[in-house]
Amino acid sequence: MSNLPIRLLIHGASGRMGRALLRLAADDARLEVVAAVSGQGGFIAEASSVPVFAAKDFAQVPAFDVLVDFSLPVAFDAALESARQRKAAFVSGTTGLSETQRAALDAASKDIPVLWASNFSLGIAVLTDLVRRAAAALPQWSKDLIESHHIHKQDAPSGTALTLGAAMKTGGGSEPNYASLRAGDIVGEHTAQFTGLGERLELTHRATNRDVFVRGALECALRLHGRDAGVHSVAGVLFGKV
């Protein structure tokens with residue numbers, strides 16, 4: 001990492017995560033938000049000192065070092081292509097991607113450093129490792145993932161639940177059962193449940209403030225800048241783990 005501050009472009013800037021990214025990045029001297037992009041452009045209170053561009057004007061954004069994307073699948077392709085054309089690092093938390101979009105992300109990693117994660121909290125990074133190890137130790141137990149989010153979340157199971165499910169399978173288990181709840185303003189709760197005869201193990205993470213995801217994403221953006229092209233992970237850039 002070199003030449004602070006790192007120049008950020010925030011894509012999906014009018015959403016919950018985008019607005020939080022703008023707010024917290026403004027207080028970090030290591031970062032400079034040079035542009036914000038949202039679907040229709042227009043006024044965003046948290047971007048009062050940052051130029052805001054509509055998605056159709058992506059080509060006009062100023063130079064940036066890292067593109068941080070928290071948008072929707074329909075907007076993902078343009079953001080990834082912009083980062084690739086500008087030779088900038090790409091950090092994304094957009095969930096619900098198609099197989100074609102995941103393939104495009106892998107293809108872009110040949111040219112730029114990319115980091116996609118369903119969840120950027122430090123606790124989830126640790127939980128994923130714990131789930132993998134528990135699945136390896138308890139291969140015959142039943143496995144379930146229960147997740148709860150706010151009523152506006154569109155995808156179910158959540159991207160984080162699917163990531164935890166993949167960790168279960170990597171650990172040596174079968175495909176887990178998923179249960180999803182959408183209620184109120186729940187930020188995010190995930191429980192990995194392992195059930196044997198006469199006993200049950202539950203590993204749970206609860207986020208009570210969306211800022212935990214934002215801080216993790218911004219730290220990943222800082223540490224991804226200047227790295228070699230390739231696919232990177234939250235655990236890799238923050239903890240040095242694969």
# chains A, B, ... in the order shown; residues from 1 in each chain; ligands from 1

$ select_by_dssp --residues "range 77-212 of chain A" --states "strand (DSSP E)" --output "VMD selection string"
chain A and resid 89 to 92 113 to 116 142 to 149 177 to 182 188 to 196 199 to 207

$ closest_atom_pairs --of "range 120-229 of chain A" --to "range 29-38 of chain A" --cutoff "10 Å" --atoms "only C-alpha atoms" --output "JSON lines"
{"residue": "A:Leu218", "atom": "CA", "partner": "A:Leu31", "partner_atom": "CA", "distance": 8.6}
{"residue": "A:Glu219", "atom": "CA", "partner": "A:Arg30", "partner_atom": "CA", "distance": 9.9}
{"residue": "A:Ala221", "atom": "CA", "partner": "A:Leu31", "partner_atom": "CA", "distance": 9.4}
{"residue": "A:Leu222", "atom": "CA", "partner": "A:Leu31", "partner_atom": "CA", "distance": 7.8}

$ atom_distance --atom1 "CA of Ser118 in chain A" --atom2 "CA of Thr204 in chain A"
16.2 Å

$ residues_around --residues "Asp185 in chain A" --least-positions-apart "6" --cutoff "12 Å" --atoms "only C-alpha atoms" --output "mmCIF file with all heavy atoms, in the first residue's frame"
data_model
loop_
_atom_site.group_PDB
_atom_site.id
_atom_site.type_symbol
_atom_site.label_atom_id
_atom_site.label_comp_id
_atom_site.auth_asym_id
_atom_site.auth_seq_id
_atom_site.Cartn_x
_atom_site.Cartn_y
_atom_site.Cartn_z
ATOM 1 N N ARG A 16 -28.297 1.860 1.642
ATOM 2 C CA ARG A 16 -27.924 1.909 3.059
ATOM 3 C C ARG A 16 -26.417 1.799 3.243
ATOM 4 O O ARG A 16 -25.800 2.570 3.964
ATOM 5 C CB ARG A 16 -28.622 0.777 3.822
ATOM 6 C CG ARG A 16 -30.122 0.958 3.984
ATOM 7 C CD ARG A 16 -30.686 -0.213 4.775
ATOM 8 N NE ARG A 16 -32.112 -0.072 4.989
ATOM 9 C CZ ARG A 16 -33.041 -0.430 4.113
ATOM 10 N NH1 ARG A 16 -32.669 -0.949 2.955
ATOM 11 N NH2 ARG A 16 -34.319 -0.271 4.379
ATOM 12 N N SER A 148 -31.436 -14.137 9.770
ATOM 13 C CA SER A 148 -32.492 -13.134 9.877
ATOM 14 C C SER A 148 -31.966 -11.786 9.404
ATOM 15 O O SER A 148 -30.836 -11.404 9.735
ATOM 16 C CB SER A 148 -32.955 -13.002 11.335
ATOM 17 O OG SER A 148 -33.413 -14.235 11.836
ATOM 18 N N HIS A 149 -32.815 -11.075 8.641
ATOM 19 C CA HIS A 149 -32.466 -9.747 8.158
ATOM 20 C C HIS A 149 -33.709 -8.863 8.125
ATOM 21 O O HIS A 149 -34.830 -9.338 8.338
ATOM 22 C CB HIS A 149 -31.861 -9.819 6.745
ATOM 23 C CG HIS A 149 -30.444 -10.304 6.718
ATOM 24 N ND1 HIS A 149 -30.131 -11.641 6.673
ATOM 25 C CD2 HIS A 149 -29.262 -9.633 6.735
ATOM 26 C CE1 HIS A 149 -28.817 -11.778 6.664
ATOM 27 N NE2 HIS A 149 -28.265 -10.581 6.692
ATOM 28 N N HIS A 150 -33.499 -7.594 7.811
ATOM 29 C CA HIS A 150 -34.580 -6.613 7.726
ATOM 30 C C HIS A 150 -35.528 -6.936 6.566
ATOM 31 O O HIS A 150 -35.184 -7.703 5.654
ATOM 32 C CB HIS A 150 -33.999 -5.206 7.549
ATOM 33 C CG HIS A 150 -33.067 -5.091 6.387
ATOM 34 N ND1 HIS A 150 -33.486 -4.839 5.103
ATOM 35 C CD2 HIS A 150 -31.716 -5.218 6.312
ATOM 36 C CE1 HIS A 150 -32.454 -4.801 4.283
ATOM 37 N NE2 HIS A 150 -31.360 -5.031 4.989
ATOM 38 N N ILE A 151 -36.691 -6.345 6.610
ATOM 39 C CA ILE A 151 -37.750 -6.685 5.651
ATOM 40 C C ILE A 151 -37.431 -6.261 4.227
ATOM 41 O O ILE A 151 -38.064 -6.736 3.280
ATOM 42 C CB ILE A 151 -39.107 -6.062 6.067
ATOM 43 C CG1 ILE A 151 -38.981 -4.532 6.167
ATOM 44 C CG2 ILE A 151 -39.584 -6.648 7.385
ATOM 45 C CD1 ILE A 151 -40.304 -3.837 6.435
ATOM 46 N N HIS A 152 -36.437 -5.396 4.041
ATOM 47 C CA HIS A 152 -36.124 -4.913 2.697
ATOM 48 C C HIS A 152 -35.094 -5.773 1.969
ATOM 49 O O HIS A 152 -34.864 -5.567 0.780
ATOM 50 C CB HIS A 152 -35.619 -3.468 2.753
ATOM 51 C CG HIS A 152 -36.596 -2.518 3.365
ATOM 52 N ND1 HIS A 152 -37.790 -2.193 2.767
ATOM 53 C CD2 HIS A 152 -36.564 -1.844 4.551
ATOM 54 C CE1 HIS A 152 -38.448 -1.343 3.539
ATOM 55 N NE2 HIS A 152 -37.728 -1.116 4.618
ATOM 56 N N LYS A 153 -34.470 -6.701 2.654
ATOM 57 C CA LYS A 153 -33.448 -7.530 2.005
ATOM 58 C C LYS A 153 -34.116 -8.444 0.989
ATOM 59 O O LYS A 153 -35.073 -9.145 1.296
ATOM 60 C CB LYS A 153 -32.669 -8.347 3.036
ATOM 61 C CG LYS A 153 -31.503 -9.113 2.407
ATOM 62 C CD LYS A 153 -30.562 -9.679 3.453
ATOM 63 C CE LYS A 153 -29.410 -10.441 2.819
ATOM 64 N NZ LYS A 153 -28.579 -9.592 1.945
ATOM 65 N N ALA A 207 -25.056 -8.896 14.156
ATOM 66 C CA ALA A 207 -24.630 -7.517 13.877
ATOM 67 C C ALA A 207 -25.756 -6.587 14.298
ATOM 68 O O ALA A 207 -26.900 -6.759 13.870
ATOM 69 C CB ALA A 207 -24.327 -7.349 12.395
ATOM 70 N N THR A 208 -25.449 -5.624 15.139
ATOM 71 C CA THR A 208 -26.470 -4.687 15.605
ATOM 72 C C THR A 208 -26.320 -3.310 14.974
ATOM 73 O O THR A 208 -27.145 -2.431 15.195
ATOM 74 C CB THR A 208 -26.402 -4.551 17.136
ATOM 75 O OG1 THR A 208 -25.091 -4.123 17.522
ATOM 76 C CG2 THR A 208 -26.692 -5.891 17.809
ATOM 77 N N ASN A 209 -25.259 -3.142 14.181
ATOM 78 C CA ASN A 209 -25.013 -1.861 13.541
ATOM 79 C C ASN A 209 -24.356 -2.115 12.191
ATOM 80 O O ASN A 209 -23.375 -2.848 12.094
ATOM 81 C CB ASN A 209 -24.089 -1.009 14.425
ATOM 82 C CG ASN A 209 -23.951 0.413 13.942
ATOM 83 O OD1 ASN A 209 -23.610 0.649 12.781
ATOM 84 N ND2 ASN A 209 -24.208 1.372 14.818
ATOM 85 N N ARG A 210 -24.886 -1.513 11.144
ATOM 86 C CA ARG A 210 -24.374 -1.737 9.795
ATOM 87 C C ARG A 210 -22.944 -1.231 9.619
ATOM 88 O O ARG A 210 -22.231 -1.639 8.709
ATOM 89 C CB ARG A 210 -25.314 -1.064 8.792
ATOM 90 C CG ARG A 210 -25.111 -1.447 7.354
ATOM 91 C CD ARG A 210 -26.282 -1.019 6.491
ATOM 92 N NE ARG A 210 -27.402 -1.941 6.621
ATOM 93 C CZ ARG A 210 -28.509 -1.681 7.293
ATOM 94 N NH1 ARG A 210 -28.656 -0.518 7.925
ATOM 95 N NH2 ARG A 210 -29.484 -2.564 7.366
#

$ residues_around --residues "Asp69 in chain A" --least-positions-apart "4" --cutoff "7 Å" --atoms "only C-alpha atoms" --output "PyMOL selection string"
chain A and resi 10-12+91-94

$ write_last_selection --atoms "N, CA, C and O atoms" --output "CSV table (one decimal), in the first residue's frame"
chain,number,residue,atom,x,y,z
A,10,ILE,N,-17.3,5.1,-4.8
A,10,ILE,CA,-18.3,4.3,-4.1
A,10,ILE,C,-19.5,4.1,-5.0
A,10,ILE,O,-20.1,5.1,-5.5
A,11,HIS,N,-19.8,2.8,-5.3
A,11,HIS,CA,-20.9,2.5,-6.3
A,11,HIS,C,-22.0,1.9,-5.5
A,11,HIS,O,-21.8,1.1,-4.6
A,12,GLY,N,-23.2,2.4,-5.8
A,12,GLY,CA,-24.4,2.0,-5.0
A,12,GLY,C,-24.5,3.0,-3.8
A,12,GLY,O,-25.0,2.7,-2.7
A,91,VAL,N,-13.6,-4.0,-4.8
A,91,VAL,CA,-14.1,-4.6,-3.6
A,91,VAL,C,-15.7,-4.5,-3.7
A,91,VAL,O,-16.3,-3.5,-4.0
A,92,SER,N,-16.3,-5.7,-3.6
A,92,SER,CA,-17.8,-5.8,-3.8
A,92,SER,C,-18.4,-6.6,-2.7
A,92,SER,O,-17.9,-7.7,-2.3
A,93,GLY,N,-19.6,-6.1,-2.2
A,93,GLY,CA,-20.4,-6.8,-1.3
A,93,GLY,C,-21.8,-7.1,-1.9
A,93,GLY,O,-22.7,-7.4,-1.2
A,94,THR,N,-21.9,-6.9,-3.2
A,94,THR,CA,-23.2,-7.1,-3.9
A,94,THR,C,-23.6,-8.6,-3.9
A,94,THR,O,-22.8,-9.4,-4.4

$ residues_around --residues "Glu147 in chain A" --least-positions-apart "4" --cutoff "9 Å" --atoms "only C-alpha atoms" --output "list in words"
Ala156, Pro157, Ser158, Thr160, Ala161, Tyr178, Ala179, Ser180, Leu181, Arg182, Gly188, Glu189, His190, Thr191 and Ala192 of chain A

$ select_by_dssp --residues "range 37-215 of chain A" --states "alpha helix (DSSP H)" --output "number ranges by chain"
A: 73-86, 99-108, 122-137, 159-170, 211-215

$ closest_residue --among "A:Ala63, A:Val187, A:Ala13, A:Ala229" --to "Val212 in chain A" --atoms "only C-alpha atoms"
A:Val187
